[in-house]
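The next block holds one structure in the form of structure tokens; read it before the comments.
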Amino acid sequence: MTGAGEGIVVPARPRVVPVRPRAGARRLAVLATVLSAAAAQLAGAAGAAGASAAEPQALAEGPVFNDPLGGTAEQYAIRTRLVQLTDSALPGSTIKVAVYHVWETTIVNALLRAQARGVHIQVLLDETSVSDNPTNPSYATLKAALGTDRTKPSFALLCPAGKSCLGDPKFGKSIMHNKFWLFSAVAGGRDVVVQTTTNSTPSANTKFFNDALQLPDNPRLYAAYSSYFADMTGKNWRGWRYRTVTEGPYKTYYFPRAGTTTETDTVHNVLSNITCTYRDSAGVTQRTKVRVAVFKLTRQVIADKLVALRKAGCSVYVTYAQTDSAASQGGTKGTWEALHTSGGPSLRCYNDDRDPQNPGEPLVTPYIVHNKYLLIDGMYVGKRNKVSFTGSGNHTAPALRENDEAW
């Protein structure tokens, strides 16, 4: 999700709320500062709504971040926001949820509470939400309460086993990797889109850094996401075509995207719109800043482009959890080698399996960066701007060509 140009772009706001750095998380805090501009507004709106249910406050537009290294409130910040919205959904309204994995009783119970109030609930999950965790009752509970008939106002569905809902099976295994929530009407707002990077799993709160972008009162983007949701639940992969929708400063991209060239690589196109050096109003040469926080970066053309931008004069910082390399590919060099080339971007691998409670012992589930955002501060599409992109997709080939993703 980004603003005009390739990518939704979040326009710069005058007030920035810094994220307090914590041990082992300082780089992520710096990255998050640009996106956090409206976080205080969100918190204020949520508090005011709780204090005066009779006079609901208008929902604020902006991001929410969790902090797995923080206290309980910080760890569960995104989940709390989703539950608040679900609990404030108006009778007769509709909630649509497209999430890769849902394993949390808290989320399931919030949806069932809403259904009991007369809210229509529509849920779509990847099949691995069941097969990867067969003892978890979340989908079975939703299925029993909502049914599986997509022609009804409420339902719970899975994409096909081994395939995303819209992916061409000729590519082999793919997944429905989306992570968005749609609310047609809640206390204080209508047509609410929440695009996030988080799944509904315990680790998503307590081990993974994630982000979410809340966009209320945006009927065009709500309709675009709803149309995409309907396409996925219809599972008509033969008729699917990649598309984008623009509304004001925002632009959304809906995947998978067919093609084989860099011209049909959305992220590569975004990066190609960057000019690395420019003169400010005082005539001083400035460098465009490019910040990437992503779980997995294995698409070679993206790694190569980030290196090229750094060599062209951009200030480029990349925080990631996974890449590929000669060690993982039987001797064939990958994105790790490209990114670590001389003159390449500043890098941090945030994949920390150190157990703070048991020094020297590895964690089963490490602390990782699970965000998928790209920040550009400088010259973009020929104009001085600050632009933010976020969504569900990693910088991998399947995220572009095979998976169901929104960005």
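Chain labels follow the order of the structure tokens: the first chain is A, the next B, and so on; residue numbering restarts at 1 in every chain, and ligands are counted from 1 in their shown order.
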
Q) Near range 242-247 of chain A, within 12 Å and counting only C-alpha atoms, which residues show up once chain neighbours fewer than 2 positions away are dropped, as number ranges by chain? A) A: 1-10, 166-167, 215, 217-225, 227-228, 231, 237-240, 249-259, 264-266, 400-407

Filtering to N, CA and C atoms, could you give me those residues as a short mmCIF file (atom, residue, chain, number, x, y, z; two decimals), in the first residue's frame?
```
data_model
loop_
_atom_site.label_atom_id
_atom_site.label_comp_id
_atom_site.auth_asym_id
_atom_site.auth_seq_id
_atom_site.Cartn_x
_atom_site.Cartn_y
_atom_site.Cartn_z
N MET A 1 0.85 -1.17 0.00
CA MET A 1 0.00 0.00 0.00
C MET A 1 0.89 1.23 0.00
N THR A 2 0.67 2.16 -0.88
CA THR A 2 1.48 3.37 -0.95
C THR A 2 0.71 4.52 -1.56
N GLY A 3 1.42 5.68 -1.80
CA GLY A 3 0.81 6.85 -2.43
C GLY A 3 1.11 6.86 -3.91
N ALA A 4 0.86 7.96 -4.62
CA ALA A 4 0.94 7.99 -6.07
C ALA A 4 2.30 7.54 -6.55
N GLY A 5 2.34 7.01 -7.75
CA GLY A 5 3.54 6.34 -8.24
C GLY A 5 3.38 4.87 -7.98
N GLU A 6 4.46 4.10 -8.18
CA GLU A 6 4.35 2.68 -7.87
C GLU A 6 4.36 2.50 -6.36
N GLY A 7 3.69 1.71 -5.77
CA GLY A 7 3.63 1.28 -4.42
C GLY A 7 2.32 1.50 -3.78
N ILE A 8 0.84 1.41 -0.89
CA ILE A 8 0.11 2.69 -0.70
C ILE A 8 1.17 3.65 -0.22
N VAL A 9 1.21 4.88 -0.74
CA VAL A 9 2.14 5.86 -0.21
C VAL A 9 1.47 6.61 0.92
N VAL A 10 2.15 6.70 2.03
CA VAL A 10 1.64 7.47 3.16
C VAL A 10 2.31 8.82 3.13
N LEU A 166 -5.71 -17.29 -5.87
CA LEU A 166 -5.63 -16.71 -7.21
C LEU A 166 -4.37 -17.09 -7.97
N GLY A 167 -3.50 -17.87 -7.38
CA GLY A 167 -2.26 -18.25 -8.04
C GLY A 167 -2.47 -19.30 -9.11
N LEU A 215 -6.86 3.01 7.72
CA LEU A 215 -7.40 4.03 6.83
C LEU A 215 -8.93 4.04 6.96
N ASP A 217 -12.87 5.76 6.67
CA ASP A 217 -13.65 6.67 5.81
C ASP A 217 -13.04 6.80 4.42
N ASN A 218 -12.70 5.66 3.85
CA ASN A 218 -12.10 5.64 2.51
C ASN A 218 -12.88 4.65 1.66
N PRO A 219 -14.04 5.06 1.14
CA PRO A 219 -14.91 4.11 0.43
C PRO A 219 -14.28 3.51 -0.82
N ARG A 220 -13.45 4.27 -1.52
CA ARG A 220 -12.86 3.72 -2.75
C ARG A 220 -11.87 2.60 -2.44
N LEU A 221 -10.99 2.80 -1.47
CA LEU A 221 -10.06 1.73 -1.13
C LEU A 221 -10.79 0.57 -0.46
N TYR A 222 -11.79 0.87 0.35
CA TYR A 222 -12.58 -0.21 0.95
C TYR A 222 -13.21 -1.06 -0.14
N ALA A 223 -13.77 -0.42 -1.17
CA ALA A 223 -14.39 -1.17 -2.27
C ALA A 223 -13.36 -1.97 -3.04
N ALA A 224 -12.16 -1.41 -3.22
CA ALA A 224 -11.10 -2.12 -3.95
C ALA A 224 -10.67 -3.37 -3.20
N TYR A 225 -10.44 -3.23 -1.90
CA TYR A 225 -10.08 -4.40 -1.09
C TYR A 225 -11.23 -5.41 -1.05
N SER A 227 -13.46 -5.96 -3.35
CA SER A 227 -13.49 -6.64 -4.65
C SER A 227 -12.42 -7.72 -4.72
N TYR A 228 -11.23 -7.38 -4.24
CA TYR A 228 -10.14 -8.35 -4.20
C TYR A 228 -10.50 -9.52 -3.30
N ASP A 231 -12.80 -11.75 -5.12
CA ASP A 231 -12.07 -12.54 -6.12
C ASP A 231 -11.38 -13.73 -5.46
N TRP A 237 -8.87 -18.26 -10.31
CA TRP A 237 -7.51 -17.90 -10.66
C TRP A 237 -7.34 -17.72 -12.17
N ARG A 238 -8.15 -18.39 -12.96
CA ARG A 238 -8.03 -18.24 -14.42
C ARG A 238 -8.42 -16.83 -14.88
N GLY A 239 -9.37 -16.24 -14.19
CA GLY A 239 -9.82 -14.91 -14.59
C GLY A 239 -9.11 -13.77 -13.87
N TRP A 240 -8.18 -14.10 -12.98
CA TRP A 240 -7.53 -13.07 -12.18
C TRP A 240 -6.53 -12.26 -13.01
N PRO A 249 -3.81 10.35 -2.14
CA PRO A 249 -2.38 10.06 -2.01
C PRO A 249 -2.06 8.57 -1.90
N TYR A 250 -3.06 7.73 -1.95
CA TYR A 250 -2.86 6.31 -1.72
C TYR A 250 -2.97 5.50 -3.01
N LYS A 251 -2.19 4.45 -3.06
CA LYS A 251 -2.26 3.51 -4.18
C LYS A 251 -2.07 2.11 -3.64
N THR A 252 -2.93 1.20 -4.07
CA THR A 252 -2.84 -0.19 -3.61
C THR A 252 -2.56 -1.11 -4.78
N TYR A 253 -1.87 -2.21 -4.48
CA TYR A 253 -1.48 -3.20 -5.48
C TYR A 253 -1.96 -4.56 -5.03
N TYR A 254 -2.57 -5.30 -5.94
CA TYR A 254 -3.17 -6.58 -5.60
C TYR A 254 -2.52 -7.68 -6.46
N PHE A 255 -1.95 -8.67 -5.80
CA PHE A 255 -1.17 -9.72 -6.44
C PHE A 255 -1.90 -11.06 -6.36
N PRO A 256 -1.47 -12.03 -7.20
CA PRO A 256 -0.22 -12.14 -7.95
C PRO A 256 -0.21 -11.32 -9.25
N ARG A 257 1.02 -11.06 -9.72
CA ARG A 257 1.21 -10.31 -10.95
C ARG A 257 1.95 -11.17 -11.97
N ALA A 258 1.33 -11.39 -13.11
CA ALA A 258 1.96 -12.20 -14.16
C ALA A 258 3.12 -11.43 -14.79
N GLY A 259 4.06 -12.16 -15.34
CA GLY A 259 5.17 -11.54 -16.04
C GLY A 259 6.48 -12.23 -15.73
N THR A 264 7.66 -5.74 -15.01
CA THR A 264 6.44 -6.18 -14.32
C THR A 264 6.73 -6.54 -12.86
N ASP A 265 7.83 -6.03 -12.32
CA ASP A 265 8.17 -6.20 -10.91
C ASP A 265 7.82 -4.90 -10.19
N THR A 266 6.76 -4.91 -9.41
CA THR A 266 6.24 -3.69 -8.79
C THR A 266 7.27 -3.00 -7.91
N LEU A 400 5.57 -11.94 -5.59
CA LEU A 400 5.24 -11.16 -6.79
C LEU A 400 4.38 -11.96 -7.76
N ARG A 401 4.73 -13.19 -8.04
CA ARG A 401 4.13 -13.95 -9.16
C ARG A 401 3.09 -14.98 -8.76
N GLU A 402 3.09 -15.45 -7.52
CA GLU A 402 2.29 -16.63 -7.17
C GLU A 402 1.32 -16.44 -6.01
N ASN A 403 1.72 -15.69 -5.02
CA ASN A 403 0.91 -15.58 -3.79
C ASN A 403 -0.20 -14.55 -3.94
N ASP A 404 -1.21 -14.68 -3.10
CA ASP A 404 -2.20 -13.62 -2.91
C ASP A 404 -1.61 -12.65 -1.89
N GLU A 405 -1.35 -11.43 -2.32
CA GLU A 405 -0.72 -10.41 -1.48
C GLU A 405 -1.32 -9.05 -1.82
N ALA A 406 -1.32 -8.13 -0.87
CA ALA A 406 -1.66 -6.74 -1.12
C ALA A 406 -0.55 -5.86 -0.59
N TRP A 407 -0.25 -4.77 -1.33
CA TRP A 407 0.86 -3.88 -0.95
C TRP A 407 0.46 -2.45 -1.26
#
```

For range 364-389 of chain A versus range 273-283 of chain A, which residues have an atom no more than 8 Å away, and what is each residue's nearest atom pair and distance in Å rounded to one decimal, using only C-alpha atoms, chain-then-number order, as a Markdown table?
```
| residue | atom | partner | partner_atom | distance |
| --- | --- | --- | --- | --- |
| A:Gly378 | CA | A:Cys276 | CA | 7.7 |
| A:Met379 | CA | A:Thr275 | CA | 5.3 |
| A:Tyr380 | CA | A:Ile274 | CA | 4.7 |
| A:Val381 | CA | A:Asn273 | CA | 5.0 |
| A:Gly382 | CA | A:Thr275 | CA | 7.3 |
```

Q: Skip Phe180 in chain A itself and residues of its chain fewer than 3 positions away, then list as number ranges by chain all residues within 9 Å of it, counting only C-alpha atoms.
A: A: 96-99, 193-198, 212, 225, 391-392, 406

Output file for the selection above: C-alpha atoms, as a PDB file, in the first residue's frame:
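Heads up, here's the output in again28.pdb:
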```pdb
ATOM      1  CA  LYS A  96     -13.962  -9.084   6.139  1.00  0.00           C
ATOM      2  CA  VAL A  97     -10.723 -10.749   7.251  1.00  0.00           C
ATOM      3  CA  ALA A  98      -8.073 -12.118   4.878  1.00  0.00           C
ATOM      4  CA  VAL A  99      -5.161 -13.426   6.949  1.00  0.00           C
ATOM      5  CA  VAL A 193      -9.223  -0.614   5.810  1.00  0.00           C
ATOM      6  CA  VAL A 194      -6.478  -2.043   8.025  1.00  0.00           C
ATOM      7  CA  GLN A 195      -3.510  -3.317   6.045  1.00  0.00           C
ATOM      8  CA  THR A 196      -1.051  -5.079   8.313  1.00  0.00           C
ATOM      9  CA  THR A 197       1.955  -7.377   8.278  1.00  0.00           C
ATOM     10  CA  THR A 198       0.803  -9.444  11.243  1.00  0.00           C
ATOM     11  CA  ALA A 212      -0.402  -1.917  10.535  1.00  0.00           C
ATOM     12  CA  TYR A 225     -10.082  -4.396  -1.094  1.00  0.00           C
ATOM     13  CA  GLY A 391       1.701  -4.668   2.882  1.00  0.00           C
ATOM     14  CA  SER A 392       1.863  -8.425   3.240  1.00  0.00           C
ATOM     15  CA  ALA A 406      -1.663  -6.736  -1.122  1.00  0.00           C
TER      16      ALA A 406
END
```

Could I get the residues of range 169-218 of chain A with an atom no further than 7 Å from an atom of range 61-85 of chain A, each paired with its nearest atom pair and that distance in Å to one decimal, using only C-alpha atoms, sorted by chain and residue number, as a tab-separated table?
```
residue	atom	partner	partner_atom	distance
A:Val186	CA	A:Leu85	CA	6.6
A:Asn205	CA	A:Gln75	CA	5.2
A:Thr206	CA	A:Pro68	CA	4.5
A:Lys207	CA	A:Pro68	CA	5.2
A:Phe208	CA	A:Pro68	CA	6.1
A:Phe209	CA	A:Asp67	CA	6.0
A:Asn210	CA	A:Asn66	CA	5.9
A:Asp211	CA	A:Phe65	CA	4.6
A:Ala212	CA	A:Val64	CA	5.1
A:Leu213	CA	A:Pro63	CA	4.3
A:Gln214	CA	A:Gly62	CA	5.4
A:Leu215	CA	A:Glu61	CA	5.0
A:Pro216	CA	A:Glu61	CA	6.2
```

Would you write out, as CSV, a table of all residues in range 187-214 of chain A that have an atom no more than 12 Å from an atom of range 121-141 of chain A, listing for each the closest atom pair and the distance in Å to one decimal, considering only C-alpha atoms and ordering rows by chain and rising residue number?
```
residue,atom,partner,partner_atom,distance
A:Asn199,CA,A:Ser129,CA,10.1
A:Ser200,CA,A:Ser129,CA,9.9
A:Thr201,CA,A:Ser129,CA,9.9
```

Keeping all heavy atoms, export the residues of the selection given above as a PDB file, in the first residue's frame.
```
ATOM      1  N   ASN A 199       0.105 -11.733  11.333  1.00  0.00           N
ATOM      2  CA  ASN A 199      -0.853 -12.819  11.409  1.00  0.00           C
ATOM      3  C   ASN A 199      -1.443 -12.853  12.811  1.00  0.00           C
ATOM      4  O   ASN A 199      -0.995 -12.134  13.708  1.00  0.00           O
ATOM      5  CB  ASN A 199      -0.173 -14.157  11.102  1.00  0.00           C
ATOM      6  CG  ASN A 199       0.337 -14.228   9.682  1.00  0.00           C
ATOM      7  OD1 ASN A 199      -0.430 -14.160   8.736  1.00  0.00           O
ATOM      8  ND2 ASN A 199       1.650 -14.352   9.535  1.00  0.00           N
ATOM      9  N   SER A 200      -2.432 -13.686  13.005  1.00  0.00           N
ATOM     10  CA  SER A 200      -3.006 -13.863  14.338  1.00  0.00           C
ATOM     11  C   SER A 200      -2.427 -15.132  14.951  1.00  0.00           C
ATOM     12  O   SER A 200      -3.052 -16.189  15.003  1.00  0.00           O
ATOM     13  CB  SER A 200      -4.536 -13.956  14.258  1.00  0.00           C
ATOM     14  OG  SER A 200      -5.072 -14.268  15.528  1.00  0.00           O
ATOM     15  N   THR A 201      -1.175 -14.999  15.397  1.00  0.00           N
ATOM     16  CA  THR A 201      -0.473 -16.096  16.047  1.00  0.00           C
ATOM     17  C   THR A 201       0.229 -15.545  17.274  1.00  0.00           C
ATOM     18  O   THR A 201       0.544 -14.345  17.324  1.00  0.00           O
ATOM     19  CB  THR A 201       0.570 -16.748  15.124  1.00  0.00           C
ATOM     20  OG1 THR A 201       1.607 -15.791  14.850  1.00  0.00           O
ATOM     21  CG2 THR A 201      -0.063 -17.200  13.806  1.00  0.00           C
TER      22      THR A 201
END
```
